[in-house]
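Asks: Got a structure for you, query-v1.txt, holding compact mmCIF, C-alpha atoms (C1' of nucleotides).
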# COMPACT_ATOMS: atom_id res chain seq x y z
CA MET A 1 -32.19 12.23 -21.81
CA ARG A 2 -31.83 12.68 -18.11
CA ARG A 3 -30.85 15.80 -16.21
CA LYS A 4 -27.12 16.14 -15.67
CA THR A 5 -25.50 16.70 -12.31
CA LYS A 6 -22.64 19.05 -11.56
CA GLU A 7 -20.53 15.96 -10.99
CA GLU A 8 -21.07 14.83 -14.55
CA TYR A 9 -19.87 18.14 -15.89
CA ILE A 10 -16.74 17.86 -13.77
CA GLU A 11 -16.02 14.40 -15.11
CA ILE A 12 -16.40 15.47 -18.71
CA ILE A 13 -14.22 18.50 -18.21
CA CYS A 14 -11.53 16.30 -16.68
CA LEU A 15 -11.74 13.86 -19.56
CA LEU A 16 -11.55 16.60 -22.19
CA GLU A 17 -8.62 18.33 -20.54
CA ARG A 18 -6.83 15.03 -20.40
CA GLU A 19 -7.60 13.82 -23.89
CA GLN A 20 -7.93 17.00 -25.91
CA GLY A 21 -5.86 19.38 -23.87
CA ARG A 22 -8.79 21.73 -23.21
CA ALA A 23 -12.49 21.79 -22.38
CA GLN A 24 -14.50 24.29 -24.35
CA THR A 25 -18.21 24.99 -24.18
CA GLY A 26 -18.99 23.25 -27.44
CA MET A 27 -16.97 20.16 -26.66
CA ILE A 28 -18.64 19.80 -23.30
CA ALA A 29 -22.07 20.34 -24.82
CA GLU A 30 -21.40 17.68 -27.42
CA ALA A 31 -19.99 15.19 -24.94
CA ILE A 32 -22.82 15.57 -22.49
CA ASP A 33 -25.60 15.97 -25.05
CA VAL A 34 -26.82 19.39 -24.01
CA LYS A 35 -26.96 22.67 -25.91
CA PRO A 36 -24.08 25.16 -25.51
CA PRO A 37 -26.03 27.84 -23.63
CA SER A 38 -26.81 25.33 -20.91
CA VAL A 39 -23.13 24.59 -20.56
CA THR A 40 -22.20 28.25 -20.22
CA GLU A 41 -24.72 28.55 -17.43
CA VAL A 42 -23.38 25.54 -15.55
CA LEU A 43 -19.77 26.60 -16.00
CA ARG A 44 -20.50 29.84 -14.19
CA LYS A 45 -21.96 27.93 -11.28
CA LEU A 46 -19.05 25.50 -11.17
CA GLU A 47 -16.72 28.46 -11.03
CA GLU A 48 -18.68 29.94 -8.13
CA LYS A 49 -18.23 26.68 -6.30
CA GLY A 50 -14.52 26.86 -6.90
CA LEU A 51 -14.38 23.68 -8.96
CA ILE A 52 -13.20 25.21 -12.20
CA VAL A 53 -11.77 28.40 -13.61
CA TYR A 54 -13.98 29.60 -16.41
CA GLU A 55 -12.61 31.86 -19.09
CA PRO A 56 -15.37 33.08 -21.44
CA TYR A 57 -14.80 32.09 -25.07
CA VAL A 58 -11.91 29.91 -23.98
CA GLY A 59 -13.21 27.18 -21.74
CA ALA A 60 -12.92 25.57 -18.34
CA THR A 61 -9.99 24.24 -16.38
CA LEU A 62 -10.35 22.25 -13.21
CA THR A 63 -9.07 23.75 -9.99
CA GLU A 64 -7.35 21.61 -7.41
CA ALA A 65 -10.72 20.99 -5.76
CA GLY A 66 -12.35 20.15 -9.06
CA PHE A 67 -9.60 17.75 -9.90
CA GLU A 68 -9.96 16.07 -6.54
CA MET A 69 -13.65 15.59 -7.22
CA ALA A 70 -12.98 14.16 -10.66
CA ARG A 71 -10.40 11.76 -9.31
CA ASP A 72 -12.79 10.64 -6.62
CA LEU A 73 -15.62 10.09 -9.08
CA TRP A 74 -13.35 8.17 -11.37
CA GLN A 75 -12.37 5.84 -8.61
CA ARG A 76 -15.99 5.20 -7.70
CA HIS A 77 -16.76 4.61 -11.34
CA ARG A 78 -13.94 2.13 -11.77
CA THR A 79 -14.88 0.24 -8.65
CA PHE A 80 -18.42 -0.36 -9.83
CA ALA A 81 -17.61 -0.97 -13.45
CA ASP A 82 -14.79 -3.40 -12.68
CA LEU A 83 -16.88 -5.29 -10.17
CA LEU A 84 -19.77 -5.69 -12.58
CA ARG A 85 -17.44 -6.78 -15.35
CA LEU A 86 -15.90 -9.42 -13.11
CA LEU A 87 -19.36 -10.78 -12.45
CA GLY A 88 -19.89 -11.09 -16.18
CA VAL A 89 -21.88 -7.96 -17.03
CA ASP A 90 -21.34 -6.67 -20.57
CA ARG A 91 -18.79 -3.87 -20.82
CA ARG A 92 -21.17 -1.23 -22.17
CA VAL A 93 -23.79 -2.01 -19.59
CA ALA A 94 -21.30 -2.09 -16.74
CA GLU A 95 -19.92 1.30 -17.71
CA ALA A 96 -23.36 2.82 -18.08
CA ASP A 97 -24.55 1.55 -14.72
CA ALA A 98 -21.33 2.65 -13.05
CA CYS A 99 -22.01 6.15 -14.41
CA GLN A 100 -25.15 6.18 -12.35
CA PHE A 101 -23.98 4.42 -9.21
CA GLU A 102 -20.86 6.52 -8.80
CA HIS A 103 -22.99 9.52 -7.90
CA HIS A 104 -24.98 7.78 -5.23
CA VAL A 105 -22.73 5.43 -3.31
CA SER A 106 -21.85 6.17 0.31
CA PRO A 107 -18.23 6.17 1.45
CA GLU A 108 -18.84 3.17 3.68
CA THR A 109 -20.30 1.04 0.94
CA LEU A 110 -17.59 2.12 -1.44
CA GLU A 111 -14.95 0.90 0.98
CA TYR A 112 -16.56 -2.52 1.14
CA LEU A 113 -16.86 -2.75 -2.60
CA LYS A 114 -13.26 -1.75 -3.13
CA LEU A 115 -12.18 -4.36 -0.67
CA PHE A 116 -14.35 -7.00 -2.29
CA LEU A 117 -12.94 -6.13 -5.68
CA GLU A 118 -9.44 -6.48 -4.31
CA PHE A 119 -10.40 -9.81 -2.80
CA LEU A 120 -11.78 -11.10 -6.09
CA ARG A 121 -8.80 -10.00 -8.10
CA GLU A 122 -5.89 -10.52 -5.83
CA SER A 123 -6.54 -13.48 -3.61
CA PRO A 124 -6.64 -17.11 -4.72
CA GLU A 125 -9.91 -17.54 -2.82
CA GLY A 126 -11.41 -14.62 -4.64
CA ARG A 127 -10.37 -15.91 -8.01
CA ARG A 128 -11.79 -19.28 -7.19
CA CYS A 129 -15.02 -17.58 -6.16
CA LEU A 130 -15.29 -16.02 -9.60
CA GLU A 131 -14.74 -19.35 -11.27
CA ASP A 132 -17.35 -20.95 -9.07
CA PHE A 133 -19.80 -18.19 -9.84
CA GLU A 134 -19.23 -18.54 -13.53
CA ALA A 135 -19.97 -22.23 -13.33
CA PHE A 136 -23.06 -21.52 -11.24
CA ARG A 137 -24.18 -18.94 -13.75
CA LYS A 138 -23.74 -21.20 -16.73
CA GLN A 139 -25.72 -23.85 -15.02
CA ARG A 140 -28.63 -21.73 -13.72
CA GLY A 141 -28.65 -18.49 -15.72
CA MET B 1 -32.83 16.96 1.25
CA ARG B 2 -32.76 15.66 -2.29
CA ARG B 3 -35.49 15.90 -4.91
CA LYS B 4 -37.84 12.93 -4.90
CA THR B 5 -38.64 10.82 -7.93
CA LYS B 6 -42.05 9.55 -8.93
CA GLU B 7 -40.76 6.09 -8.07
CA GLU B 8 -40.16 7.10 -4.49
CA TYR B 9 -43.72 8.31 -4.14
CA ILE B 10 -44.96 4.99 -5.49
CA GLU B 11 -42.89 3.09 -2.97
CA ILE B 12 -44.15 5.13 -0.05
CA ILE B 13 -47.75 4.80 -1.15
CA CYS B 14 -47.32 1.05 -1.39
CA LEU B 15 -45.78 0.91 2.07
CA LEU B 16 -48.51 3.03 3.64
CA GLU B 17 -51.30 1.06 2.01
CA ARG B 18 -49.73 -2.11 3.28
CA GLU B 19 -48.94 -0.96 6.80
CA GLN B 20 -51.62 1.61 7.56
CA GLY B 21 -54.35 0.54 5.23
CA ARG B 22 -54.37 3.82 3.33
CA ALA B 23 -52.10 6.52 1.91
CA GLN B 24 -53.27 10.06 2.57
CA THR B 25 -51.60 13.29 1.52
CA GLY B 26 -50.36 14.11 4.99
CA MET B 27 -48.97 10.65 5.66
CA ILE B 28 -47.09 10.67 2.38
CA ALA B 29 -45.77 14.17 3.03
CA GLU B 30 -44.54 13.12 6.44
CA ALA B 31 -42.96 9.91 5.21
CA ILE B 32 -41.14 11.52 2.34
CA ASP B 33 -40.27 14.77 4.12
CA VAL B 34 -42.07 17.14 1.79
CA LYS B 35 -44.92 19.59 2.42
CA PRO B 36 -48.50 18.45 1.71
CA PRO B 37 -49.13 20.76 -1.28
CA SER B 38 -46.21 19.18 -3.08
CA VAL B 39 -47.74 15.77 -2.52
CA THR B 40 -51.11 16.81 -3.92
CA GLU B 41 -49.37 18.03 -7.04
CA VAL B 42 -47.43 14.80 -7.53
CA LEU B 43 -50.49 12.64 -6.86
CA ARG B 44 -52.31 14.29 -9.75
CA LYS B 45 -49.40 13.48 -12.04
CA LEU B 46 -49.18 9.90 -10.85
CA GLU B 47 -52.86 9.54 -11.57
CA GLU B 48 -52.38 10.90 -15.09
CA LYS B 49 -49.74 8.26 -15.61
CA GLY B 50 -52.17 5.60 -14.49
CA LEU B 51 -50.11 4.55 -11.49
CA ILE B 52 -52.58 5.48 -8.78
CA VAL B 53 -56.19 6.44 -8.31
CA TYR B 54 -56.34 9.74 -6.49
CA GLU B 55 -59.42 10.70 -4.53
CA PRO B 56 -59.19 14.29 -3.24
CA TYR B 57 -59.38 14.54 0.55
CA VAL B 58 -59.16 10.78 0.77
CA GLY B 59 -55.83 9.67 -0.62
CA ALA B 60 -54.11 7.47 -3.17
CA THR B 61 -54.45 3.81 -4.05
CA LEU B 62 -52.10 2.02 -6.39
CA THR B 63 -53.48 0.73 -9.65
CA GLU B 64 -52.35 -2.59 -11.03
CA ALA B 65 -49.58 -0.80 -12.94
CA GLY B 66 -48.53 1.15 -9.86
CA PHE B 67 -48.41 -1.97 -7.82
CA GLU B 68 -46.28 -3.67 -10.43
CA MET B 69 -43.86 -0.79 -10.28
CA ALA B 70 -43.72 -0.91 -6.50
CA ARG B 71 -43.10 -4.64 -6.52
CA ASP B 72 -40.34 -4.22 -9.05
CA LEU B 73 -38.67 -1.45 -7.06
CA TRP B 74 -38.88 -3.48 -3.93
CA GLN B 75 -37.16 -6.38 -5.58
CA ARG B 76 -34.35 -4.17 -6.83
CA HIS B 77 -34.06 -2.65 -3.40
CA ARG B 78 -33.81 -6.03 -1.71
CA THR B 79 -31.24 -7.29 -4.15
CA PHE B 80 -28.88 -4.43 -3.45
CA ALA B 81 -29.49 -4.20 0.25
CA ASP B 82 -29.09 -7.94 0.78
CA LEU B 83 -25.94 -8.08 -1.28
CA LEU B 84 -24.33 -5.24 0.60
CA ARG B 85 -25.29 -6.75 3.92
CA LEU B 86 -23.75 -10.06 2.97
CA LEU B 87 -20.52 -8.25 2.21
CA GLY B 88 -20.59 -6.77 5.68
CA VAL B 89 -22.04 -3.30 5.13
CA ASP B 90 -23.97 -1.90 8.09
CA ARG B 91 -27.74 -2.37 7.84
CA ARG B 92 -28.66 1.31 7.84
CA VAL B 93 -26.05 2.14 5.26
CA ALA B 94 -26.97 -0.80 3.05
CA GLU B 95 -30.64 0.19 3.08
CA ALA B 96 -29.88 3.82 2.35
CA ASP B 97 -27.59 3.01 -0.56
CA ALA B 98 -30.09 0.50 -1.93
CA CYS B 99 -32.69 3.29 -1.91
CA GLN B 100 -30.52 5.12 -4.40
CA PHE B 101 -29.29 2.25 -6.53
CA GLU B 102 -32.72 0.75 -7.06
CA HIS B 103 -33.69 3.70 -9.24
CA HIS B 104 -30.68 3.48 -11.49
CA VAL B 105 -29.82 -0.13 -12.13
CA SER B 106 -30.30 -1.62 -15.59
CA PRO B 107 -32.25 -4.84 -16.03
CA GLU B 108 -29.13 -6.66 -17.25
CA THR B 109 -27.05 -5.72 -14.24
CA LEU B 110 -29.90 -6.52 -11.93
CA GLU B 111 -30.07 -10.04 -13.32
CA TYR B 112 -26.41 -10.59 -12.65
CA LEU B 113 -26.67 -9.26 -9.15
CA LYS B 114 -29.68 -11.40 -8.36
CA LEU B 115 -27.83 -14.41 -9.63
CA PHE B 116 -24.74 -13.54 -7.64
CA LEU B 117 -26.83 -13.10 -4.52
CA GLU B 118 -28.38 -16.48 -5.10
CA PHE B 119 -24.93 -17.96 -5.59
CA LEU B 120 -23.65 -16.47 -2.33
CA ARG B 121 -26.61 -17.60 -0.31
CA GLU B 122 -27.53 -20.90 -1.77
CA SER B 123 -24.42 -22.66 -2.98
CA PRO B 124 -21.69 -24.11 -0.81
CA GLU B 125 -19.10 -22.36 -2.98
CA GLY B 126 -20.84 -19.05 -2.49
CA ARG B 127 -21.00 -19.46 1.25
CA ARG B 128 -17.35 -20.34 1.32
CA CYS B 129 -16.63 -17.25 -0.72
CA LEU B 130 -18.28 -15.12 1.94
CA GLU B 131 -16.23 -16.74 4.67
CA ASP B 132 -13.08 -16.22 2.70
CA PHE B 133 -13.95 -12.59 2.09
CA GLU B 134 -14.62 -12.03 5.75
CA ALA B 135 -11.22 -13.43 6.61
CA PHE B 136 -9.63 -11.30 3.93
CA ARG B 137 -11.43 -8.26 5.23
CA LYS B 138 -10.39 -8.82 8.82
CA GLN B 139 -6.85 -9.17 7.73
CA ARG B 140 -6.59 -6.23 5.35
CA GLY B 141 -9.44 -3.86 6.18
C1' DA C 1 -77.24 20.60 13.54
C1' DT C 2 -73.51 23.66 14.27
C1' DC C 3 -69.00 24.90 15.42
C1' DC C 4 -64.21 24.15 15.91
C1' DT C 5 -60.23 21.74 14.81
C1' DT C 6 -57.53 19.60 11.59
C1' DA C 7 -56.33 18.12 7.02
C1' DT C 8 -56.22 19.15 2.22
C1' DT C 9 -56.26 21.86 -1.70
C1' DT C 10 -55.64 26.28 -4.37
C1' DA C 11 -53.00 30.18 -5.62
C1' DG C 12 -48.93 32.04 -6.50
C1' DG C 13 -43.80 32.10 -6.10
C1' DT C 14 -38.77 30.09 -6.32
C1' DT C 15 -34.93 27.44 -8.19
C1' DA C 16 -32.36 24.57 -11.31
C1' DA C 17 -31.63 22.57 -15.55
C1' DC C 18 -32.78 22.68 -19.71
C1' DC C 19 -34.29 25.04 -24.42
C1' DT C 20 -34.45 28.52 -28.90
C1' DA C 21 -33.36 32.74 -31.18
C1' DA C 22 -30.64 36.67 -31.40
C1' DA C 23 -26.42 39.17 -30.42
C1' DT C 24 -21.54 39.07 -30.07
C1' DA C 25 -16.85 37.47 -30.11
C1' DT C 26 -13.04 34.64 -32.31
C1' DT C 27 -10.52 32.71 -36.06
C1' DG C 28 -8.82 31.36 -40.55
C1' DG C 29 -8.54 32.56 -45.59
C1' DC C 30 -7.52 35.94 -48.69
C1' DG D 1 -6.11 43.75 -42.04
C1' DC D 2 -10.78 42.49 -43.29
C1' DC D 3 -14.67 39.33 -43.80
C1' DA D 4 -17.03 35.32 -43.63
C1' DA D 5 -17.74 31.24 -41.11
C1' DT D 6 -18.01 29.36 -36.68
C1' DA D 7 -18.40 29.25 -31.73
C1' DT D 8 -20.03 31.39 -27.59
C1' DT D 9 -22.81 34.17 -24.83
C1' DT D 10 -27.12 36.83 -23.75
C1' DA D 11 -31.96 37.18 -23.42
C1' DG D 12 -35.96 35.24 -22.50
C1' DG D 13 -38.97 31.09 -22.00
C1' DT D 14 -40.39 26.17 -20.22
C1' DT D 15 -40.86 22.42 -16.95
C1' DA D 16 -40.66 19.94 -12.64
C1' DA D 17 -40.26 19.76 -7.92
C1' DC D 18 -40.39 22.14 -4.32
C1' DC D 19 -42.24 26.10 -1.01
C1' DT D 20 -45.66 29.51 1.95
C1' DA D 21 -50.03 31.57 2.83
C1' DA D 22 -54.81 31.55 2.16
C1' DA D 23 -59.11 29.18 1.14
C1' DT D 24 -61.89 25.19 1.66
C1' DA D 25 -63.48 20.66 3.01
C1' DA D 26 -64.17 16.84 6.56
C1' DG D 27 -65.15 15.08 11.08
C1' DG D 28 -65.83 15.06 16.07
C1' DA D 29 -67.83 17.29 20.30
C1' DT D 30 -71.47 19.57 22.19
Could you write out this file's structure as structure tokens?
Replies:
Amino acid sequence: MRRKTKEEYIEIICLLEREQGRAQTGMIAEAIDVKPPSVTEVLRKLEEKGLIVYEPYVGATLTEAGFEMARDLWQRHRTFADLLRLLGVDRRVAEADACQFEHHVSPETLEYLKLFLEFLRESPEGRRCLEDFEAFRKQRG
Amino acid sequence: MRRKTKEEYIEIICLLEREQGRAQTGMIAEAIDVKPPSVTEVLRKLEEKGLIVYEPYVGATLTEAGFEMARDLWQRHRTFADLLRLLGVDRRVAEADACQFEHHVSPETLEYLKLFLEFLRESPEGRRCLEDFEAFRKQRG
DNA sequence: ATCCTTATTTAGGTTAACCTAAATATTGGC
DNA sequence: GCCAATATTTAGGTTAACCTAAATAAGGAT
């Protein structure tokens, strides 16, 4: 598989803390499909950057800054995934693509996408647009 | 700056061949903001993969396979960039973001986006959707 | 035809993200 | 409280994409 970014580690740590109460080396390694020694190495670097506190043999906990980053990534992820789903993309695919896009989108573009998502979901015109697109899709796709 | 992918080299080579008639080490290095020795190294690898023919001291030319890849990337790029522009994203920003997305989008998602783009541009409902979104944006954004 | 300039390649080094194997720490059962 | 099983870290190695400095090739002016 592909090379993981620091951002991905932060996301996994956040998820594990939330769902399992803690984020240990082995759990992270498993979740991210990497061997434990690689995780140890990255955790040290994340600590240097002030994104986590790393306690050897215990695990990682996000700092305030790390948590901010995770929250931010999650929002970007949701924006993409939700938008793709609304357009009809399969759930698995939408989530997988969002995992990639979230790391590369600019703030400006993200703002537009968030707004467009809001438009599609919350305005009558937006909802009609989705219906029209679905009809269009069924006809042409 | 960021690490470049093989795909980015292919795109630049395609562009240079098209616009300057040839793609030499120095031109590629300049275009991609990397030093010439790094380019030489990558060109050898691209040749091994059958994507270019590399003639030392002369430059690179895309093979059929390389050209296919470039064409494909360009289409992905255009899909994203055009979509973002339609939503109102600034040209520079849209192009820059498309440069990233194009390397990460799945075929399934790309199909949906192409179809949505077609819908927005070519159907009356799609065009109305864009107008409605613009109004929405001016009001809320 | 030779020399000088300019471009390219070669040689060798760095960094970051991975890996395996070996050493070490933690934990649960007795 | 000790010991075995399990998890983590340390040590050392690989690969890919970069870099700088030095060597070499190509091309134009005289």
Asks: First superpose chain B onto chain A using a least-squares fit over all Cα atoms taken in order; then report the RMSD in Å.
Replies: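 It is 0.1 Å.
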Asks: Could the residues of chain A within 7 Å of chain B, counting all atoms listed in the file, be given as a list in words, please?
Replies: Val89, Asp97, Gln100, Phe101, His104, Val105, Ser106, Thr109, Tyr112, Phe119, Glu125, Cys129, Asp132, Phe133 and Phe136 of chain A
Asks: C1' of DA23 in chain C and CA of Val34 in chain A, how far apart in Å?
Replies: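 Value for the CA of Val34 in chain A-C1' of DA23 in chain C distance: 20.8 Å.
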Asks: Please report as a PyMOL selection string which residues of chain B come no farther than 10 Å from chain C, using all atoms listed in the file.
Replies: chain B and resi 24-26+36-37+40-41+56-59
Asks: Quick check, in Å to one decimal: how far apart do CA of Lys45 in chain A and C1' of DG12 in chain D lie?
Replies: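 Computing it gives 19.4 Å between the two atoms.
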Asks: Tell me which protein, DNA and RNA residues are within 8 Å of Lys6 in chain A, counting all atoms listed in the file, leaving out same-chain ones fewer than 2 positions away, and put them as a PDB file with C-alpha atoms, keeping the file's coordinate frame.
Replies:
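Result written to around09.pdb:
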ATOM      1  CA  LYS A   4     -27.120  16.140 -15.670  1.00  0.00           C
ATOM      2  CA  GLU A   8     -21.070  14.830 -14.550  1.00  0.00           C
ATOM      3  CA  TYR A   9     -19.870  18.140 -15.890  1.00  0.00           C
ATOM      4  CA  ILE A  10     -16.740  17.860 -13.770  1.00  0.00           C
ATOM      5  CA  VAL A  42     -23.380  25.540 -15.550  1.00  0.00           C
ATOM      6  CA  LEU A  46     -19.050  25.500 -11.170  1.00  0.00           C
TER       7      LEU A  46
END
Asks: I want to know what sits within 10 Å of Ala65 in chain A, based on only C-alpha atoms (C1' of nucleotides), with residues of the same chain fewer than 5 positions away left out; could you give that as a list in words?
Replies: Lys49, Gly50, Leu51, Ile52, Ala70 and Arg71 of chain A
Asks: As an mmCIF file with C-alpha atoms (C1' of nucleotides), keeping the file's coordinate frame, could you give me every residue of chain D near chain A (at most 9 Å apart, counting all atoms listed in the file)?
Replies:
data_model
loop_
_atom_site.group_PDB
_atom_site.id
_atom_site.type_symbol
_atom_site.label_atom_id
_atom_site.label_comp_id
_atom_site.auth_asym_id
_atom_site.auth_seq_id
_atom_site.Cartn_x
_atom_site.Cartn_y
_atom_site.Cartn_z
ATOM 1 C "C1'" DA D 7 -18.400 29.250 -31.730
ATOM 2 C "C1'" DT D 8 -20.030 31.390 -27.590
ATOM 3 C "C1'" DT D 9 -22.810 34.170 -24.830
#
Asks: Separation of CA of Arg18 in chain A and CA of Ala60 in chain A, in Å?
Replies: 12.3 Å
Asks: Specify the axis-aligned box that encloses all atoms of range 5-10 of chain C listed in the file after padding of 8 Å on each side, stating its centre and edge lengths in Å to one decimal as AutoDock Vina command-line options.
Replies:
--center_x -57.9 --center_y 22.2 --center_z 5.2 --size_x 20.6 --size_y 24.2 --size_z 35.2
Asks: Using all atoms listed in the file, which of A:Met27, A:Leu15, A:Lys138, A:Asp82 sits nearest Val39 in chain A?
Replies: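 The answer is A:Met27, which sits nearest to Val39 in chain A.
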Asks: Smallest atom-to-atom distance to DA17 in chain D: which of B:Ser38, B:Glu7, B:Lys114, B:Asp72, using only C-alpha atoms (C1' of nucleotides)?
Replies: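 Closest to DA17 in chain D of all the choices is B:Ser38.
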